[in-house]
Amino acid sequence: MDNLDARIDRLDSAQRQMIRMSYHGIAARLDRLPQASWHRKIMLLLGGVVFCDCLDMYVGGGILAQLLESGWSTVDLNAVFASITMLGYLLGALVSGYLGDRLGRRRSLLISTMLFSIATLLAAFSPNMIALIVMRGIMGLGLGGALLCSYGALSEYTPPVVRGRYAGWLGMIGNFSPPLGALLTVLVVPVFGWQVIFVGISLISLLALFAIWRFFPESPRWLASKGRYDEANEIVLSAERSLIQQGIELPEIDYDGLMQTAQQEIVKDVGWRALFSKHMIKRTITISTALFAMNLMVYTITNWTPTIFVLRGMDTTMSIGITVVMLIGAPFGIFLLSLFADKHSRKKGLIVCLLLLAVCAYLWSLIPTSNIFALMTVGFILCSILYYYSLLACSVYLGEGFPTEIRMRGSGFAHAIGRLAGIISPYAIAFLLQSYGAPMVFLVNGSILVISAIIIGICGEETRGRSLEEINDKI
């Protein structure tokens, strides 16, 4: 009898070990980890990359205004600059999405960050606007890939109950850069020239690249999805040990609940076509629409606000100063997201923000340039809502909406569709600004936001508080 009990114990132990090292076991062990220093390390490492990328992105508007005023560029060339950046983002997201699913989140992030760092440094030595536009396109490839990997991968490391909070913190780190970028263009460009900004950003991003290479672990979920269970287990074990050493008690795993899924588990090799399957098509449409609306408004505000003021007769320094105050709303909105993202419906939050943006942006465009206080106040509110929505869409909702096997490709496709807004809109905005003025720009944009809200309302799925596997087990 004792021998039988011993064999049963060994069998139970073997089954438990099999479950612990299965894909769903790895995922369950990650989801049960209480938030601690391990999660904060992941978030800070990704945040360093996002900060550098966003800083580069948001100095563009101020630099373009300076180049326009100095005669180094024109409104049409500025539109090409903004458009080629979006084309780079689009291609970078697609390529990085493929690499992220094939080579891993870590390798894809390293490749994208290295490309961005080198291209940014070379851009500082551009002899004319055409050369700068070419380098900006290459920078966009790295930017698009690095942002995709950072925002898309974070959800794989964080437990469901705090995914929104960590996504908000990640966005807060990155999006302190809008007011900082605008401020740098005021303080640095007139004295030292725009080239110094690109050199500085390149050096900072190289430091972020080193930190990722040295300290960032591959996603255990991705490793397990590829059948590399031992490597996934070692990373999760390291996280578990770090928490235990801090005196943090780990919740028990529901072995009985995981038994059936672990036994039926197979390594899947799925491709782009899965994004358009009957189980995924509505989600692909929803997330792509959310990111299209996000990019439309973000790049209208960040790239065109200084130019809009200059065309309305305001001097460049004053226009950038107002933009700085407005963009302080970006980190404030993201701070609010870190507090409330896990407390309200993701889907309803997106819809409400889109409708508020449509109204607020149009009202802001009607304020005369002589009323500086109103421009800054309403602009601050506008940017707060915009960045609350943006991070809810691209950091929280995006990271939850696709299965591990195609998470980066799904994110890359949605980002690519979103970037179309940045490619198309500069030409439309340049035409509308010169022909009809700023109110027409925001009237057209507002109509697109309302249509986007309707699409999300029809096709969107609620993801708050659910594990990634519960959301995405069907492909």
# chains A, B, ... in the order shown; residues from 1 in each chain; ligands from 1
>>> residues_around(residues="segment 385-390 of chain A", least_positions_apart="4", cutoff="8 Å", atoms="only C-alpha atoms", output="MDAnalysis selection string")
chainID A and resid 291 294 297:298 329:331 333:334 336:337 349:350 353:354 356:357 381 394:395
>>> residues_around(residues="Leu90 of chain A", least_positions_apart="5", cutoff="12 Å", atoms="only C-alpha atoms", output="MDAnalysis selection string")
chainID A and resid 83:85 95:97 137:148 291:292 295 411:423
>>> atom_distance(atom1="atom CA of Leu184 of chain A", atom2="atom CA of Leu391 of chain A")
23.5 Å
>>> closest_residue(among="A:Ile19, A:Val325, A:Cys54, A:Leu398", to="Phe373 of chain A", atoms="only C-alpha atoms")
A:Val325
>>> atom_distance(atom1="atom CA of Tyr362 of chain A", atom2="atom CA of Phe442 of chain A")
5.1 Å
>>> atom_distance(atom1="atom CA of Thr158 of chain A", atom2="atom CA of Ser202 of chain A")
29.2 Å
>>> residues_around(residues="Ala124 of chain A", least_positions_apart="5", cutoff="10 Å", atoms="only C-alpha atoms", output="number ranges by chain")
A: 119, 132, 135, 193-200, 202
>>> residues_around(residues="Pro190 of chain A", least_positions_apart="6", cutoff="12 Å", atoms="only C-alpha atoms", output="list in words")
Gly62, Ile63, Ala65, Gln66, Leu67, Glu69, Ser70, Leu183, Leu184, Val196, Ile197, Thr316 and Thr317 of chain A
>>> write_last_selection(atoms="N, CA, C and O atoms", output="PDB file, in the first residue's frame")
ATOM      1  N   GLY A  62       7.955  71.050 -33.481  1.00  0.00           N
ATOM      2  CA  GLY A  62       8.678  72.287 -33.211  1.00  0.00           C
ATOM      3  C   GLY A  62       9.806  72.521 -34.208  1.00  0.00           C
ATOM      4  O   GLY A  62      10.031  73.655 -34.647  1.00  0.00           O
ATOM      5  N   ILE A  63      10.521  71.448 -34.566  1.00  0.00           N
ATOM      6  CA  ILE A  63      11.604  71.586 -35.538  1.00  0.00           C
ATOM      7  C   ILE A  63      11.056  71.995 -36.898  1.00  0.00           C
ATOM      8  O   ILE A  63      11.617  72.863 -37.576  1.00  0.00           O
ATOM      9  N   ALA A  65       8.380  73.728 -37.524  1.00  0.00           N
ATOM     10  CA  ALA A  65       8.007  75.146 -37.479  1.00  0.00           C
ATOM     11  C   ALA A  65       9.237  76.038 -37.613  1.00  0.00           C
ATOM     12  O   ALA A  65       9.220  77.056 -38.312  1.00  0.00           O
ATOM     13  N   GLN A  66      10.328  75.661 -36.939  1.00  0.00           N
ATOM     14  CA  GLN A  66      11.566  76.431 -37.034  1.00  0.00           C
ATOM     15  C   GLN A  66      12.132  76.389 -38.451  1.00  0.00           C
ATOM     16  O   GLN A  66      12.587  77.414 -38.985  1.00  0.00           O
ATOM     17  N   LEU A  67      12.118  75.206 -39.063  1.00  0.00           N
ATOM     18  CA  LEU A  67      12.640  75.066 -40.421  1.00  0.00           C
ATOM     19  C   LEU A  67      11.792  75.848 -41.422  1.00  0.00           C
ATOM     20  O   LEU A  67      12.316  76.401 -42.398  1.00  0.00           O
ATOM     21  N   GLU A  69      10.037  78.629 -40.702  1.00  0.00           N
ATOM     22  CA  GLU A  69      10.279  80.055 -40.493  1.00  0.00           C
ATOM     23  C   GLU A  69      11.621  80.488 -41.068  1.00  0.00           C
ATOM     24  O   GLU A  69      11.759  81.588 -41.616  1.00  0.00           O
ATOM     25  N   SER A  70      12.625  79.623 -40.989  1.00  0.00           N
ATOM     26  CA  SER A  70      13.964  79.983 -41.467  1.00  0.00           C
ATOM     27  C   SER A  70      14.107  79.863 -42.975  1.00  0.00           C
ATOM     28  O   SER A  70      15.117  80.304 -43.541  1.00  0.00           O
ATOM     29  N   LEU A 183       9.627  71.904 -25.368  1.00  0.00           N
ATOM     30  CA  LEU A 183      10.478  72.830 -24.618  1.00  0.00           C
ATOM     31  C   LEU A 183      11.899  72.862 -25.187  1.00  0.00           C
ATOM     32  O   LEU A 183      12.525  73.924 -25.286  1.00  0.00           O
ATOM     33  N   LEU A 184      12.420  71.687 -25.564  1.00  0.00           N
ATOM     34  CA  LEU A 184      13.757  71.624 -26.141  1.00  0.00           C
ATOM     35  C   LEU A 184      13.852  72.425 -27.434  1.00  0.00           C
ATOM     36  O   LEU A 184      14.873  73.061 -27.711  1.00  0.00           O
ATOM     37  N   VAL A 196      21.574  69.315 -32.763  1.00  0.00           N
ATOM     38  CA  VAL A 196      21.998  68.908 -31.415  1.00  0.00           C
ATOM     39  C   VAL A 196      20.941  68.015 -30.765  1.00  0.00           C
ATOM     40  O   VAL A 196      21.267  67.061 -30.032  1.00  0.00           O
ATOM     41  N   ILE A 197      19.674  68.308 -31.022  1.00  0.00           N
ATOM     42  CA  ILE A 197      18.598  67.503 -30.440  1.00  0.00           C
ATOM     43  C   ILE A 197      18.677  66.067 -30.931  1.00  0.00           C
ATOM     44  O   ILE A 197      18.574  65.108 -30.153  1.00  0.00           O
ATOM     45  N   THR A 316       6.870  82.171 -33.972  1.00  0.00           N
ATOM     46  CA  THR A 316       7.207  80.773 -33.703  1.00  0.00           C
ATOM     47  C   THR A 316       7.405  80.503 -32.217  1.00  0.00           C
ATOM     48  O   THR A 316       6.936  79.494 -31.685  1.00  0.00           O
ATOM     49  N   THR A 317       8.110  81.396 -31.526  1.00  0.00           N
ATOM     50  CA  THR A 317       8.390  81.165 -30.098  1.00  0.00           C
ATOM     51  C   THR A 317       7.096  81.083 -29.295  1.00  0.00           C
ATOM     52  O   THR A 317       6.928  80.201 -28.452  1.00  0.00           O
TER      53      THR A 317
END
>>> residues_around(residues="segment 205-219 of chain A", least_positions_apart="3", cutoff="8 Å", atoms="only C-alpha atoms", output="list in words")
Ile42, Leu45, Leu46, Gly48, Val49, Cys52, Asp53, Gly104, Arg105, Arg106, Leu110, Thr113, Met114, Ser117, Ala153, Glu156, Tyr157, Ile201, Ser202, Trp222, Leu223, Ala232 and Ile235 of chain A
>>> write_last_selection(atoms="N, CA and C atoms", output="compact mmCIF listing (two decimals), in the first residue's frame")
# COMPACT_ATOMS: atom_id res chain seq x y z
N ILE A 42 10.66 45.34 -15.76
CA ILE A 42 10.21 45.17 -17.15
C ILE A 42 9.64 46.48 -17.67
N LEU A 45 12.37 49.22 -18.19
CA LEU A 45 13.22 48.97 -19.36
C LEU A 45 12.49 49.31 -20.65
N LEU A 46 11.24 48.87 -20.75
CA LEU A 46 10.45 49.23 -21.92
C LEU A 46 10.18 50.74 -21.95
N GLY A 48 12.16 53.11 -21.00
CA GLY A 48 13.31 53.84 -21.51
C GLY A 48 13.30 53.92 -23.02
N VAL A 49 12.93 52.81 -23.67
CA VAL A 49 12.85 52.81 -25.14
C VAL A 49 11.72 53.71 -25.61
N CYS A 52 12.63 57.49 -25.36
CA CYS A 52 13.51 57.97 -26.43
C CYS A 52 12.76 58.10 -27.74
N ASP A 53 11.96 57.09 -28.06
CA ASP A 53 11.22 57.12 -29.32
C ASP A 53 10.21 58.26 -29.35
N GLY A 104 11.20 36.59 -31.49
CA GLY A 104 11.01 36.92 -30.09
C GLY A 104 10.88 38.41 -29.86
N ARG A 105 10.25 38.76 -28.75
CA ARG A 105 10.02 40.17 -28.44
C ARG A 105 11.35 40.90 -28.21
N ARG A 106 12.26 40.24 -27.51
CA ARG A 106 13.53 40.88 -27.13
C ARG A 106 14.38 41.19 -28.37
N LEU A 110 15.50 44.89 -29.83
CA LEU A 110 16.90 45.29 -29.99
C LEU A 110 17.19 45.77 -31.41
N THR A 113 15.45 49.26 -32.01
CA THR A 113 16.07 50.35 -31.26
C THR A 113 17.43 50.71 -31.83
N MET A 114 18.19 49.70 -32.26
CA MET A 114 19.49 49.97 -32.87
C MET A 114 19.33 50.76 -34.18
N SER A 117 18.42 54.38 -33.34
CA SER A 117 19.53 55.13 -32.75
C SER A 117 20.52 55.59 -33.81
N ALA A 153 4.24 44.06 -26.05
CA ALA A 153 4.76 42.96 -25.24
C ALA A 153 4.46 43.10 -23.75
N GLU A 156 2.19 40.72 -21.76
CA GLU A 156 2.59 39.33 -21.57
C GLU A 156 3.33 39.11 -20.25
N TYR A 157 3.77 40.17 -19.62
CA TYR A 157 4.51 40.07 -18.36
C TYR A 157 3.67 40.44 -17.15
N ILE A 201 19.30 62.71 -28.57
CA ILE A 201 18.33 61.62 -28.53
C ILE A 201 19.00 60.30 -28.91
N SER A 202 19.88 60.34 -29.90
CA SER A 202 20.58 59.13 -30.33
C SER A 202 21.42 58.55 -29.21
N TRP A 222 5.86 33.86 -25.01
CA TRP A 222 6.31 33.60 -26.39
C TRP A 222 7.16 32.34 -26.45
N LEU A 223 8.08 32.19 -25.51
CA LEU A 223 8.93 31.00 -25.50
C LEU A 223 8.09 29.73 -25.40
N ALA A 232 11.34 29.16 -20.91
CA ALA A 232 10.25 29.91 -20.30
C ALA A 232 10.18 29.66 -18.80
N ILE A 235 12.85 31.59 -16.75
CA ILE A 235 12.55 33.01 -16.55
C ILE A 235 11.47 33.20 -15.49
>>> residues_around(residues="segment 304-313 of chain A", least_positions_apart="2", cutoff="7 Å", atoms="only C-alpha atoms", output="list in words")
Gly61, Gly62, Ala65, Thr300, Ile301, Thr302, Asp315, Thr316, Ser319, Ile320 and Thr323 of chain A
